[in-house]
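See below for model-v6.txt, which holds compact mmCIF, C-alpha atoms.
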```
# COMPACT_ATOMS: atom_id res chain seq x y z
CA MET A 1 1.61 -51.47 10.10
CA ALA A 2 2.92 -54.50 8.29
CA GLU A 3 0.29 -54.42 5.57
CA ARG A 4 1.74 -51.49 3.68
CA ASN A 5 4.43 -53.33 1.75
CA ASP A 6 2.42 -56.16 0.23
CA SER A 7 0.58 -53.91 -2.21
CA THR A 8 3.10 -54.28 -5.02
CA GLY A 9 2.38 -57.11 -7.51
CA ASN A 10 -0.83 -58.19 -9.28
CA ALA A 11 -1.36 -54.85 -10.96
CA SER A 12 -0.42 -55.49 -14.58
CA ALA A 13 -3.47 -57.59 -15.48
CA GLU A 14 -6.16 -54.96 -15.16
CA ALA A 15 -4.35 -52.12 -16.91
CA SER A 16 -6.29 -52.36 -20.14
CA SER A 17 -8.46 -49.28 -20.60
CA GLN A 18 -5.53 -46.96 -21.19
CA PRO A 19 -5.34 -44.41 -24.01
CA ALA A 20 -3.82 -45.73 -27.23
CA GLY A 21 -0.05 -46.04 -27.30
CA GLN A 22 0.25 -46.90 -23.61
CA PRO A 23 -0.66 -50.59 -23.63
CA GLU A 24 0.96 -51.88 -20.45
CA ARG A 25 0.74 -48.90 -18.17
CA SER A 26 -0.69 -49.40 -14.74
CA GLN A 27 -3.34 -46.90 -13.81
CA PRO A 28 -3.70 -44.24 -11.16
CA GLY A 29 -5.23 -45.87 -8.11
CA ASP A 30 -4.11 -49.44 -8.75
CA ALA A 31 -1.69 -51.43 -6.58
CA ALA A 32 1.41 -50.49 -8.59
CA TYR A 33 0.44 -46.81 -8.38
CA VAL A 34 0.07 -47.07 -4.61
CA ALA A 35 3.44 -48.79 -4.27
CA GLU A 36 5.26 -46.30 -6.49
CA LEU A 37 3.60 -43.37 -4.78
CA GLU A 38 4.87 -44.71 -1.48
CA GLN A 39 8.44 -44.53 -2.77
CA LEU A 40 7.87 -40.83 -3.33
CA GLN A 41 6.12 -40.42 0.03
CA LYS A 42 9.15 -41.92 1.78
CA VAL A 43 11.60 -39.45 0.29
CA ASP A 44 9.21 -36.53 0.63
CA PHE A 45 8.64 -37.32 4.28
CA ALA A 46 12.37 -37.17 5.01
CA LEU A 47 12.41 -33.81 3.21
CA VAL A 48 9.57 -32.52 5.40
CA GLU A 49 11.44 -33.64 8.52
CA LEU A 50 14.68 -32.05 7.34
CA THR A 51 12.89 -28.83 6.38
CA LEU A 52 11.48 -28.35 9.87
CA TYR A 53 14.81 -29.37 11.40
CA LEU A 54 16.76 -26.91 9.26
CA ASP A 55 14.30 -24.14 10.16
CA THR A 56 15.76 -24.35 13.67
CA HIS A 57 19.25 -25.65 12.73
CA PRO A 58 20.20 -23.52 9.72
CA THR A 59 23.95 -24.18 10.05
CA ASP A 60 23.92 -27.99 10.12
CA MET A 61 26.05 -28.63 7.03
CA GLN A 62 25.50 -32.40 7.00
CA ALA A 63 21.73 -32.00 7.15
CA ILE A 64 21.89 -29.49 4.31
CA GLN A 65 23.87 -31.92 2.18
CA GLN A 66 21.39 -34.69 2.93
CA PHE A 67 18.53 -32.32 2.10
CA ASN A 68 19.97 -31.41 -1.29
CA GLN A 69 20.71 -35.04 -2.15
CA LEU A 70 17.17 -36.09 -1.25
CA ALA A 71 15.70 -33.14 -3.14
CA GLN A 72 17.53 -34.32 -6.24
CA ARG A 73 16.31 -37.88 -5.73
CA ARG A 74 12.72 -36.73 -5.19
CA ALA A 75 12.82 -34.83 -8.48
CA GLN A 76 13.81 -38.02 -10.32
CA ILE A 77 11.19 -40.18 -8.60
CA ALA A 78 8.47 -37.56 -9.12
CA HIS A 79 9.36 -37.20 -12.79
CA ALA A 80 9.20 -40.96 -13.39
CA PHE A 81 5.92 -41.14 -11.49
CA GLU A 82 4.37 -38.32 -13.50
CA MET A 83 5.39 -39.92 -16.79
CA LYS A 84 3.41 -42.98 -15.78
CA TYR A 85 0.45 -41.60 -13.88
CA GLY A 86 0.06 -37.97 -14.82
CA PRO A 87 0.84 -34.66 -13.13
CA LEU A 88 1.36 -34.43 -9.38
CA MET A 89 1.15 -30.63 -9.33
CA GLN A 90 -0.40 -27.95 -11.46
CA PHE A 91 -0.33 -24.24 -12.21
CA GLY A 92 2.54 -25.18 -14.50
CA HIS A 93 4.65 -27.18 -12.08
CA SER A 94 3.95 -30.38 -14.02
CA PHE A 95 3.63 -31.08 -17.74
CA THR A 96 0.47 -32.54 -19.21
CA ARG A 97 -0.53 -34.89 -22.01
CA TYR A 98 -3.61 -34.45 -24.16
CA PRO A 99 -6.35 -34.34 -23.03
CA TRP A 100 -5.76 -32.30 -19.86
CA GLN A 101 -4.87 -34.92 -17.24
CA TRP A 102 -4.85 -32.94 -14.03
CA ALA A 103 -8.58 -32.95 -13.36
CA GLN A 104 -8.95 -36.71 -13.84
CA ALA A 105 -9.84 -38.96 -10.92
CA PRO A 106 -8.72 -40.45 -8.72
CA TRP A 107 -7.96 -37.71 -6.25
CA PRO A 108 -5.82 -38.68 -3.27
CA TRP A 109 -8.75 -39.20 -0.89
CA GLN A 110 -10.47 -41.46 -3.43
CA VAL A 111 -7.64 -43.93 -4.02
CA MET B 1 1.15 -18.95 -2.73
CA TRP B 2 0.44 -22.62 -2.29
CA ILE B 3 0.63 -25.31 -4.95
CA TYR B 4 -1.48 -28.41 -4.40
CA GLU B 5 0.22 -31.78 -4.76
CA LYS B 6 -2.00 -34.65 -5.84
CA LYS B 7 -0.89 -37.09 -3.15
CA LEU B 8 -1.32 -37.72 0.55
CA GLN B 9 1.60 -37.14 2.89
CA TYR B 10 1.14 -40.65 4.26
CA PRO B 11 -0.75 -43.61 2.77
CA VAL B 12 -4.16 -43.75 4.45
CA ARG B 13 -6.04 -47.00 4.49
CA VAL B 14 -9.38 -47.76 6.07
CA SER B 15 -10.26 -51.44 6.31
CA LYS B 16 -13.51 -51.41 8.27
CA CYS B 17 -16.83 -49.76 7.40
CA ASP B 18 -17.36 -47.80 10.61
CA PRO B 19 -19.24 -44.46 10.37
CA ARG B 20 -19.10 -44.27 14.17
CA MET B 21 -15.34 -43.70 13.95
CA ALA B 22 -15.89 -40.90 11.40
CA ARG B 23 -17.91 -39.07 14.02
CA PHE B 24 -14.98 -39.22 16.44
CA LEU B 25 -12.34 -38.38 13.84
CA ILE B 26 -14.13 -35.16 12.90
CA GLU B 27 -12.73 -33.75 16.15
CA GLN B 28 -9.36 -33.51 14.41
CA TYR B 29 -10.99 -31.98 11.33
CA GLY B 30 -12.96 -29.11 12.84
CA GLY B 31 -12.23 -29.29 16.57
CA ALA B 32 -10.31 -26.89 18.81
CA ASP B 33 -7.04 -28.80 18.62
CA GLY B 34 -7.66 -30.21 15.16
CA GLU B 35 -5.65 -29.82 11.99
CA LEU B 36 -7.65 -26.89 10.59
CA SER B 37 -7.12 -24.96 13.82
CA ALA B 38 -3.43 -25.82 13.75
CA ALA B 39 -2.88 -24.74 10.15
CA LEU B 40 -4.75 -21.46 10.56
CA ARG B 41 -3.16 -20.71 13.93
CA TYR B 42 0.44 -20.98 12.70
CA LEU B 43 -0.10 -19.43 9.29
CA ASN B 44 -1.78 -16.45 10.93
CA GLN B 45 0.82 -16.01 13.68
CA ARG B 46 3.68 -16.08 11.18
CA TYR B 47 2.98 -12.52 9.99
CA THR B 48 4.00 -10.96 13.28
CA ILE B 49 6.46 -13.47 14.78
CA PRO B 50 10.20 -12.54 14.65
CA ASP B 51 11.80 -13.33 11.29
CA LYS B 52 14.02 -16.04 12.78
CA VAL B 53 11.07 -18.36 13.35
CA VAL B 54 8.70 -17.35 10.53
CA GLY B 55 9.98 -20.20 8.36
CA LEU B 56 9.13 -22.76 11.01
CA LEU B 57 5.56 -21.51 11.49
CA ASN B 58 5.12 -21.32 7.73
CA ASP B 59 6.29 -24.89 7.18
CA ILE B 60 4.51 -26.53 10.11
CA GLY B 61 1.33 -24.66 9.13
CA THR B 62 1.67 -26.03 5.63
CA GLU B 63 2.23 -29.58 6.87
CA GLU B 64 -0.96 -29.29 8.95
CA PHE B 65 -2.97 -28.95 5.74
CA ALA B 66 -1.54 -32.29 4.62
CA HIS B 67 -2.73 -33.76 7.92
CA LEU B 68 -6.15 -32.17 7.45
CA GLU B 69 -6.38 -33.98 4.13
CA MET B 70 -5.45 -37.30 5.77
CA ILE B 71 -8.21 -36.89 8.37
CA ALA B 72 -10.65 -35.88 5.62
CA THR B 73 -9.68 -39.01 3.68
CA MET B 74 -10.47 -41.23 6.67
CA VAL B 75 -13.81 -39.50 7.32
CA TYR B 76 -14.69 -39.58 3.61
CA LYS B 77 -13.92 -43.29 3.31
CA LEU B 78 -15.77 -44.18 6.49
CA THR B 79 -18.97 -42.43 5.39
CA LYS B 80 -18.81 -42.64 1.58
CA ASP B 81 -21.23 -45.52 1.15
CA ALA B 82 -23.08 -45.23 4.43
CA THR B 83 -26.87 -45.08 4.17
CA PRO B 84 -28.92 -42.60 6.22
CA GLU B 85 -29.86 -45.51 8.49
CA MET B 86 -26.20 -46.40 9.06
CA LEU B 87 -25.33 -42.79 9.78
CA GLU B 88 -28.20 -42.50 12.23
CA ALA B 89 -27.12 -45.68 14.01
CA ALA B 90 -23.62 -44.17 14.33
CA GLY B 91 -25.03 -41.05 15.97
CA LEU B 92 -24.65 -39.04 12.77
CA GLY B 93 -28.39 -38.51 12.19
CA PRO B 94 -28.19 -34.79 13.06
CA HIS B 95 -25.17 -34.45 10.78
CA PHE B 96 -27.02 -36.13 7.92
CA VAL B 97 -30.03 -33.84 8.28
CA ASN B 98 -27.79 -30.82 7.90
CA HIS B 99 -25.05 -32.06 5.55
CA ASP B 100 -25.94 -35.41 3.92
CA ASN B 101 -22.59 -37.24 3.60
CA ALA B 102 -20.64 -34.01 3.20
CA LEU B 103 -17.77 -33.21 5.51
CA PHE B 104 -18.17 -30.18 7.72
CA TYR B 105 -15.76 -28.26 9.94
CA GLU B 106 -17.21 -29.28 13.28
CA ASN B 107 -16.00 -31.15 16.33
CA ALA B 108 -17.07 -34.59 17.52
CA ALA B 109 -20.01 -33.03 19.37
CA GLY B 110 -21.21 -31.23 16.23
CA ASN B 111 -20.11 -27.72 17.20
CA PRO B 112 -19.01 -25.73 14.15
CA TRP B 113 -15.38 -24.61 13.91
CA THR B 114 -14.80 -21.16 15.36
CA ALA B 115 -11.88 -18.72 15.27
CA THR B 116 -12.09 -18.60 19.07
CA TYR B 117 -10.27 -21.97 19.01
CA ILE B 118 -7.06 -20.18 18.01
CA GLN B 119 -5.17 -17.22 19.39
CA ALA B 120 -2.69 -14.65 18.17
CA LYS B 121 -1.36 -12.47 20.97
CA GLY B 122 1.42 -10.85 18.98
CA ASP B 123 3.78 -11.68 21.83
CA PRO B 124 6.16 -14.29 20.38
CA ILE B 125 6.65 -16.22 23.60
CA ALA B 126 2.91 -16.32 24.32
CA ASP B 127 2.16 -17.40 20.76
CA LEU B 128 4.80 -20.14 20.73
CA TYR B 129 3.61 -21.50 24.09
CA GLU B 130 0.09 -21.63 22.67
CA ASP B 131 1.49 -23.59 19.74
CA ILE B 132 3.35 -26.02 22.01
CA ALA B 133 0.19 -26.56 24.06
CA ALA B 134 -1.84 -27.08 20.89
CA GLU B 135 0.56 -29.80 19.72
CA GLU B 136 0.41 -31.62 23.05
CA LYS B 137 -3.40 -31.40 23.09
CA ALA B 138 -3.58 -32.73 19.56
CA ARG B 139 -1.23 -35.57 20.57
CA ALA B 140 -3.57 -36.44 23.43
CA THR B 141 -6.60 -36.36 21.12
CA TYR B 142 -4.86 -38.78 18.75
CA GLN B 143 -4.18 -41.09 21.68
CA TRP B 144 -7.85 -41.20 22.62
CA LEU B 145 -8.82 -41.69 18.97
CA ILE B 146 -6.36 -44.60 18.70
CA ASP B 147 -8.06 -46.03 21.78
CA MET B 148 -11.47 -45.77 20.08
CA THR B 149 -10.84 -48.02 17.07
CA ASP B 150 -9.67 -51.57 16.49
CA ASP B 151 -9.04 -50.92 12.78
CA VAL B 152 -5.26 -51.34 12.66
CA ASP B 153 -5.06 -49.38 9.41
CA ILE B 154 -6.73 -46.32 10.94
CA GLN B 155 -4.58 -46.78 14.03
CA ASP B 156 -1.53 -46.75 11.77
CA SER B 157 -2.41 -43.38 10.22
CA LEU B 158 -3.34 -41.91 13.60
CA LYS B 159 -0.04 -43.06 15.10
CA PHE B 160 1.78 -41.26 12.30
CA LEU B 161 -0.19 -38.08 13.01
CA ARG B 162 0.43 -38.39 16.75
CA GLU B 163 4.17 -38.65 16.18
CA ARG B 164 4.09 -35.51 14.01
CA GLU B 165 2.64 -33.59 16.96
CA ILE B 166 5.64 -34.68 19.04
CA VAL B 167 8.10 -33.44 16.43
CA HIS B 168 6.23 -30.15 15.97
CA SER B 169 6.16 -29.58 19.72
CA LEU B 170 9.94 -29.99 19.85
CA ARG B 171 10.45 -27.57 16.96
CA PHE B 172 8.28 -24.91 18.64
CA ARG B 173 10.26 -25.31 21.85
CA GLU B 174 13.45 -24.90 19.83
CA ALA B 175 11.93 -21.70 18.40
CA VAL B 176 11.47 -20.42 21.96
CA GLU B 177 15.14 -21.20 22.65
CA ILE B 178 16.16 -19.33 19.50
CA LEU B 179 14.23 -16.24 20.61
CA LYS B 180 15.66 -16.50 24.13
CA ALA B 181 19.22 -16.80 22.81
CA ASP B 182 19.01 -13.59 20.75
CA ARG B 183 19.42 -11.37 23.80
CA GLU B 184 22.36 -13.27 25.24
CA GLN B 185 24.24 -12.79 22.00
CA LYS B 186 23.69 -9.04 22.13
CA LYS B 187 25.05 -8.92 25.68
CA VAL B 188 28.23 -10.75 24.73
CA TYR B 189 29.27 -8.50 21.90
CA MET C 1 2.09 -52.73 26.75
CA TYR C 2 3.81 -49.87 28.56
CA ASP C 3 7.47 -49.07 27.91
CA GLY C 4 9.92 -46.64 29.51
CA GLN C 5 7.95 -43.62 28.25
CA TRP C 6 5.06 -44.37 30.60
CA ARG C 7 4.54 -43.16 34.16
CA GLU C 8 2.08 -44.47 36.69
CA TRP C 9 0.27 -42.93 39.61
CA LYS C 10 -2.19 -44.21 42.16
CA PRO C 11 -5.34 -42.12 42.56
CA TYR C 12 -7.00 -41.81 45.95
CA VAL C 13 -9.72 -44.42 46.27
CA SER C 14 -12.74 -43.51 48.35
CA PRO C 15 -14.94 -46.19 49.88
CA TRP C 16 -17.84 -44.13 48.49
CA ASP C 17 -16.71 -44.21 44.85
CA PRO C 18 -19.65 -45.54 42.78
CA CYS C 19 -17.59 -47.34 40.10
CA PRO C 20 -15.05 -50.13 40.65
CA PRO C 21 -11.79 -48.24 41.23
CA ILE C 22 -8.92 -48.13 38.77
CA ARG C 23 -6.04 -48.32 41.21
CA VAL C 24 -3.19 -47.47 38.87
CA LYS C 25 -3.40 -44.83 36.15
CA TRP C 26 -0.88 -44.36 33.34
CA TYR C 27 0.25 -41.47 31.19
CA VAL C 28 2.89 -41.17 28.50
CA VAL C 29 5.82 -38.74 28.50
CA PRO C 30 7.13 -38.57 24.92
CA PRO C 31 10.89 -38.29 24.48
CA ASN C 32 10.69 -34.74 23.08
CA GLN C 33 10.12 -33.60 26.68
CA TYR C 34 13.75 -34.43 27.47
CA ILE C 35 15.26 -32.73 24.42
CA PRO C 36 15.41 -28.95 24.89
CA PHE C 37 17.17 -28.48 21.54
CA GLN C 38 17.83 -31.37 19.17
CA PRO C 39 21.58 -32.05 18.89
CA MET C 40 23.11 -32.31 15.41
CA ASN C 41 23.91 -35.67 13.79
CA LEU C 42 21.46 -37.83 15.68
CA PRO C 43 21.14 -41.34 14.22
CA GLN C 44 18.34 -41.67 11.65
CA PHE C 45 15.82 -44.32 10.65
CA PRO C 46 16.06 -45.70 7.11
CA LEU C 47 13.64 -43.69 4.97
CA ASP C 48 10.90 -46.32 4.72
CA GLU C 49 10.93 -46.81 8.46
CA ALA C 50 10.97 -43.05 9.05
CA LEU C 51 7.74 -42.64 7.07
CA ARG C 52 6.03 -45.46 8.92
CA ARG C 53 7.05 -44.15 12.32
CA GLY C 54 6.35 -40.49 11.60
CA THR C 55 9.84 -39.21 12.39
CA LEU C 56 13.32 -39.40 10.91
CA TRP C 57 15.01 -39.74 14.32
CA PRO C 58 14.67 -42.70 16.70
CA ALA C 59 15.36 -40.30 19.59
CA LEU C 60 12.00 -38.60 18.89
CA TYR C 61 9.95 -41.74 18.38
CA SER C 62 7.12 -42.47 20.77
CA PRO C 63 5.05 -45.63 20.33
CA TYR C 64 1.42 -45.61 21.41
CA PRO C 65 -0.41 -48.92 21.78
CA SER C 66 -4.18 -48.77 21.38
CA ARG C 67 -5.99 -49.56 24.59
CA ARG C 68 -8.71 -51.01 22.39
CA ALA C 69 -6.27 -53.54 20.93
CA VAL C 70 -5.12 -54.62 24.38
CA LYS C 71 -8.67 -55.30 25.45
CA GLY C 72 -9.04 -57.43 22.37
CA GLY C 73 -11.38 -55.03 20.53
```
Could you express the structure from this file as structure tokens?
Amino acid sequence: MAERNDSTGNASAEASSQPAGQPERSQPGDAAYVAELEQLQKVDFALVELTLYLDTHPTDMQAIQQFNQLAQRRAQIAHAFEMKYGPLMQFGHSFTRYPWQWAQAPWPWQV
Amino acid sequence: MWIYEKKLQYPVRVSKCDPRMARFLIEQYGGADGELSAALRYLNQRYTIPDKVVGLLNDIGTEEFAHLEMIATMVYKLTKDATPEMLEAAGLGPHFVNHDNALFYENAAGNPWTATYIQAKGDPIADLYEDIAAEEKARATYQWLIDMTDDVDIQDSLKFLREREIVHSLRFREAVEILKADREQKKVY
Amino acid sequence: MYDGQWREWKPYVSPWDPCPPIRVKWYVVPPNQYIPFQPMNLPQFPLDEALRRGTLWPALYSPYPSRRAVKGG
């Protein structure tokens, strides 16, 4: 359980084979990517929990406020993540650079 | 419709090369109380369950697909670089003959997934009790899987999935309460 | 290893049992079994802890220690 947080540093060195114009970006699949993705996973998990809770507690005003606040925060985190690492969703729910980024590895099970 | 998101619900890490564990984990991929069964059970029942609890079945069913992907990730990582000899030593020789290193919807004993694992009675109470039972059975399966590995990273992911079963079970029991309460309200007014 | 969520029972032991008897057996009763309908405004875990534990609410959390780990793997 404890090992999940120590994946942050040491990522900048190997980020060299990026497309031109993005010299210092870390890459999908590296340690910085994993750490930043986890920030999104944390917020998204709370949103999953609150979704199921609100399905059976539709009049809990406080939970609804918390849900909307977290939804706003998740949009910001997801946007920043996508600017760095490419689209999280497709069918038009995320923007893309050239060339088409969506179909590039790594996929989640490969990371 | 569903939109795929290119991320796991929970960070999955596998620290030990152990194809034997993949063979056990496949129970939660294509077994009776596995994640595929769960997703298909709830998403199928939702069409005929009372409107008040459709949202819950829809959302839990959707979350189950995220869990299916976590299990697949563990199985994939555990068998990705395994040679035929390693797979055979792990008891996966018959699997290899049929599927190479591909995943397949089967249980730990190699039986293919079947729709007879899931039920839809159309009676909301019967269906919700099936769902509650399915969550408790899946929780038990995760316990025995946690007992079968000393890889603390796999244990970590399995503990997360076990806890999700506990939350889902509570939500389904709340759904039963919601359906029970409907009648009392009618009586009062 | 076992906390307040665990219950024990003692199976009947026959003198004719072929294997060495396990005299005390354990099972877990997760806390959801005592919550018929979750009350509003339960205390929450911080978000990073919630993800790690698999629930937002401490009242629903059930730890499960691996029996493999206890035996020393």
Under the rule of at most 7 Å, produce a per-residue listing of chain B near chain A: chain, number, name, the closest pair of atoms, and the distance in Å, as JSON lines, using only C-alpha atoms.
```
{"residue": "B:Ile3", "atom": "CA", "partner": "A:Met89", "partner_atom": "CA", "distance": 6.9}
{"residue": "B:Tyr4", "atom": "CA", "partner": "A:Met89", "partner_atom": "CA", "distance": 6.0}
{"residue": "B:Glu5", "atom": "CA", "partner": "A:Met89", "partner_atom": "CA", "distance": 4.8}
{"residue": "B:Lys6", "atom": "CA", "partner": "A:Leu88", "partner_atom": "CA", "distance": 4.9}
{"residue": "B:Lys7", "atom": "CA", "partner": "A:Pro108", "partner_atom": "CA", "distance": 5.2}
{"residue": "B:Leu8", "atom": "CA", "partner": "A:Pro108", "partner_atom": "CA", "distance": 6.0}
{"residue": "B:Gln9", "atom": "CA", "partner": "A:Gln41", "partner_atom": "CA", "distance": 6.3}
{"residue": "B:Tyr10", "atom": "CA", "partner": "A:Gln41", "partner_atom": "CA", "distance": 6.5}
{"residue": "B:Gly55", "atom": "CA", "partner": "A:Asp55", "partner_atom": "CA", "distance": 6.1}
{"residue": "B:Leu56", "atom": "CA", "partner": "A:Asp55", "partner_atom": "CA", "distance": 5.4}
{"residue": "B:Asp59", "atom": "CA", "partner": "A:Leu52", "partner_atom": "CA", "distance": 6.8}
{"residue": "B:Thr73", "atom": "CA", "partner": "A:Trp109", "partner_atom": "CA", "distance": 4.7}
{"residue": "B:Asp156", "atom": "CA", "partner": "A:Met1", "partner_atom": "CA", "distance": 5.9}
{"residue": "B:Glu174", "atom": "CA", "partner": "A:Thr56", "partner_atom": "CA", "distance": 6.6}
{"residue": "B:Ala175", "atom": "CA", "partner": "A:Thr56", "partner_atom": "CA", "distance": 6.6}
```
Exercise for the section: Select residues of chain C: the criterion is any atom within 8 Å of an atom of chain A, counting all atoms listed in the file; output as a ChimeraX atom specification. Expected result: /C:40-41,47-48,50-52,55-56
Give me, as a tab-separated table, the closest atom pair and its distance (Å, one decimal) for every residue of chain C within a cut-off of 7 Å of chain B, counting all atoms listed in the file, rows sorted by chain and rising number.
```
residue	atom	partner	partner_atom	distance
C:Asn32	CA	B:Leu170	CA	5.8
C:Pro36	CA	B:Glu174	CA	6.8
C:Phe37	CA	B:Glu174	CA	5.4
C:Arg52	CA	B:Phe160	CA	6.9
C:Arg53	CA	B:Phe160	CA	6.0
C:Gly54	CA	B:Phe160	CA	4.7
C:Thr55	CA	B:Glu163	CA	6.8
C:Leu60	CA	B:Val167	CA	6.9
C:Tyr61	CA	B:Glu163	CA	6.9
C:Ser62	CA	B:Glu163	CA	6.7
C:Tyr64	CA	B:Lys159	CA	7.0
C:Ser66	CA	B:Asp147	CA	4.8
C:Arg67	CA	B:Asp147	CA	5.0
C:Arg68	CA	B:Asp147	CA	5.1
C:Ala69	CA	B:Asp150	CA	5.9
C:Gly73	CA	B:Asp150	CA	5.6
```
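Between atom CA of Trp100 of chain A and atom CA of Phe81 of chain A the interatomic distance comes to 16.9 Å.
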Problem - Contact residues around Leu68 of chain B with only C-alpha atoms at 7 Å, ignoring same-chain residues under 3 positions, as a ChimeraX atom specification - result: /B:29,35-36,64-65,71-72
Could you write out the selected residues, including C-alpha atoms, as a PDB file, in the frame of the given file?
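Result file is out-v9.pdb:
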```
ATOM      1  CA  TYR B  29     -10.990 -31.980  11.330  1.00  0.00           C
ATOM      2  CA  GLU B  35      -5.650 -29.820  11.990  1.00  0.00           C
ATOM      3  CA  LEU B  36      -7.650 -26.890  10.590  1.00  0.00           C
ATOM      4  CA  GLU B  64      -0.960 -29.290   8.950  1.00  0.00           C
ATOM      5  CA  PHE B  65      -2.970 -28.950   5.740  1.00  0.00           C
ATOM      6  CA  ILE B  71      -8.210 -36.890   8.370  1.00  0.00           C
ATOM      7  CA  ALA B  72     -10.650 -35.880   5.620  1.00  0.00           C
TER       8      ALA B  72
END
```
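Going from atom CA of Lys180 of chain B over to atom CA of Leu128 of chain B, you cover 11.9 Å.
Atom CA of Met70 of chain B is found 26.0 Å from atom CA of Phe95 of chain A.
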Problem - Expected answer as an MDAnalysis selection string: all residues with atoms within 9 Å of (2.8, -49.5, 28.4), all atoms listed in the file - result: chainID C and resid 1:7 26:28 64:65
Include C-alpha atoms and write out the residues we just selected as a compact mmCIF listing (two decimals), keeping the file's coordinate frame.
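Listed below is the output, result30.txt:
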```txt
# COMPACT_ATOMS: atom_id res chain seq x y z
CA MET C 1 2.09 -52.73 26.75
CA TYR C 2 3.81 -49.87 28.56
CA ASP C 3 7.47 -49.07 27.91
CA GLY C 4 9.92 -46.64 29.51
CA GLN C 5 7.95 -43.62 28.25
CA TRP C 6 5.06 -44.37 30.60
CA ARG C 7 4.54 -43.16 34.16
CA TRP C 26 -0.88 -44.36 33.34
CA TYR C 27 0.25 -41.47 31.19
CA VAL C 28 2.89 -41.17 28.50
CA TYR C 64 1.42 -45.61 21.41
CA PRO C 65 -0.41 -48.92 21.78
```
Go ahead and find all residues with at least one atom no further than 10 Å from (-8.1, -22.8, 12.0) in the file's coordinates, using all atoms listed in the file; report them as a compact mmCIF listing (two decimals) with C-alpha atoms, in the frame of the given file.
```txt
# COMPACT_ATOMS: atom_id res chain seq x y z
CA TYR B 29 -10.99 -31.98 11.33
CA GLY B 30 -12.96 -29.11 12.84
CA GLY B 31 -12.23 -29.29 16.57
CA ALA B 32 -10.31 -26.89 18.81
CA ASP B 33 -7.04 -28.80 18.62
CA GLY B 34 -7.66 -30.21 15.16
CA GLU B 35 -5.65 -29.82 11.99
CA LEU B 36 -7.65 -26.89 10.59
CA SER B 37 -7.12 -24.96 13.82
CA ALA B 38 -3.43 -25.82 13.75
CA ALA B 39 -2.88 -24.74 10.15
CA LEU B 40 -4.75 -21.46 10.56
CA ARG B 41 -3.16 -20.71 13.93
CA TYR B 42 0.44 -20.98 12.70
CA LEU B 43 -0.10 -19.43 9.29
CA ASN B 44 -1.78 -16.45 10.93
CA TYR B 105 -15.76 -28.26 9.94
CA TRP B 113 -15.38 -24.61 13.91
CA THR B 114 -14.80 -21.16 15.36
CA ALA B 115 -11.88 -18.72 15.27
CA THR B 116 -12.09 -18.60 19.07
CA TYR B 117 -10.27 -21.97 19.01
CA ILE B 118 -7.06 -20.18 18.01
CA GLN B 119 -5.17 -17.22 19.39
```
Could you work out an axis-aligned bounding box for all listed atoms of segment 11-25 of chain C, with 5 Å added on each of the six sides, and give its centre and edge lengths in Å to one decimal, as JSON?
```
{"center_x": -11.4, "center_y": -46.0, "center_z": 43.0, "size_x": 26.5, "size_y": 18.3, "size_z": 23.7}
```
Handout entry: Long-range neighbours of Tyr85 of chain A as a list in words, 9 Å cut-off, all atoms listed in the file, 6 positions minimum in chain
Key =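 Here the qualifying residues turn out to be Arg25, Ser26, Gln27, Pro28 and Tyr33 of chain A.
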How would segment 90-99 of chain A look with N, CA and C atoms restored, written as a compact mmCIF listing (two decimals), in the coordinates of the input?
```txt
# COMPACT_ATOMS: atom_id res chain seq x y z
N GLN A 90 0.02 -28.73 -10.29
CA GLN A 90 -0.40 -27.95 -11.46
C GLN A 90 -0.07 -26.48 -11.30
N PHE A 91 -0.74 -25.64 -12.06
CA PHE A 91 -0.33 -24.24 -12.21
C PHE A 91 1.03 -24.20 -12.90
N GLY A 92 1.31 -25.20 -13.72
CA GLY A 92 2.54 -25.18 -14.50
C GLY A 92 3.73 -25.86 -13.86
N HIS A 93 3.54 -26.47 -12.71
CA HIS A 93 4.65 -27.18 -12.08
C HIS A 93 4.80 -28.60 -12.60
N SER A 94 3.84 -29.08 -13.37
CA SER A 94 3.95 -30.38 -14.02
C SER A 94 3.51 -30.22 -15.48
N PHE A 95 4.06 -31.07 -16.35
CA PHE A 95 3.63 -31.08 -17.74
C PHE A 95 2.35 -31.89 -17.87
N THR A 96 1.70 -31.78 -19.02
CA THR A 96 0.47 -32.54 -19.21
C THR A 96 0.43 -33.17 -20.60
N ARG A 97 -0.21 -34.30 -20.71
CA ARG A 97 -0.53 -34.89 -22.01
C ARG A 97 -1.88 -34.33 -22.48
N TYR A 98 -2.29 -34.78 -23.65
CA TYR A 98 -3.61 -34.45 -24.16
C TYR A 98 -4.53 -35.65 -23.98
N PRO A 99 -5.74 -35.56 -23.56
CA PRO A 99 -6.35 -34.34 -23.03
C PRO A 99 -5.83 -34.02 -21.62
```
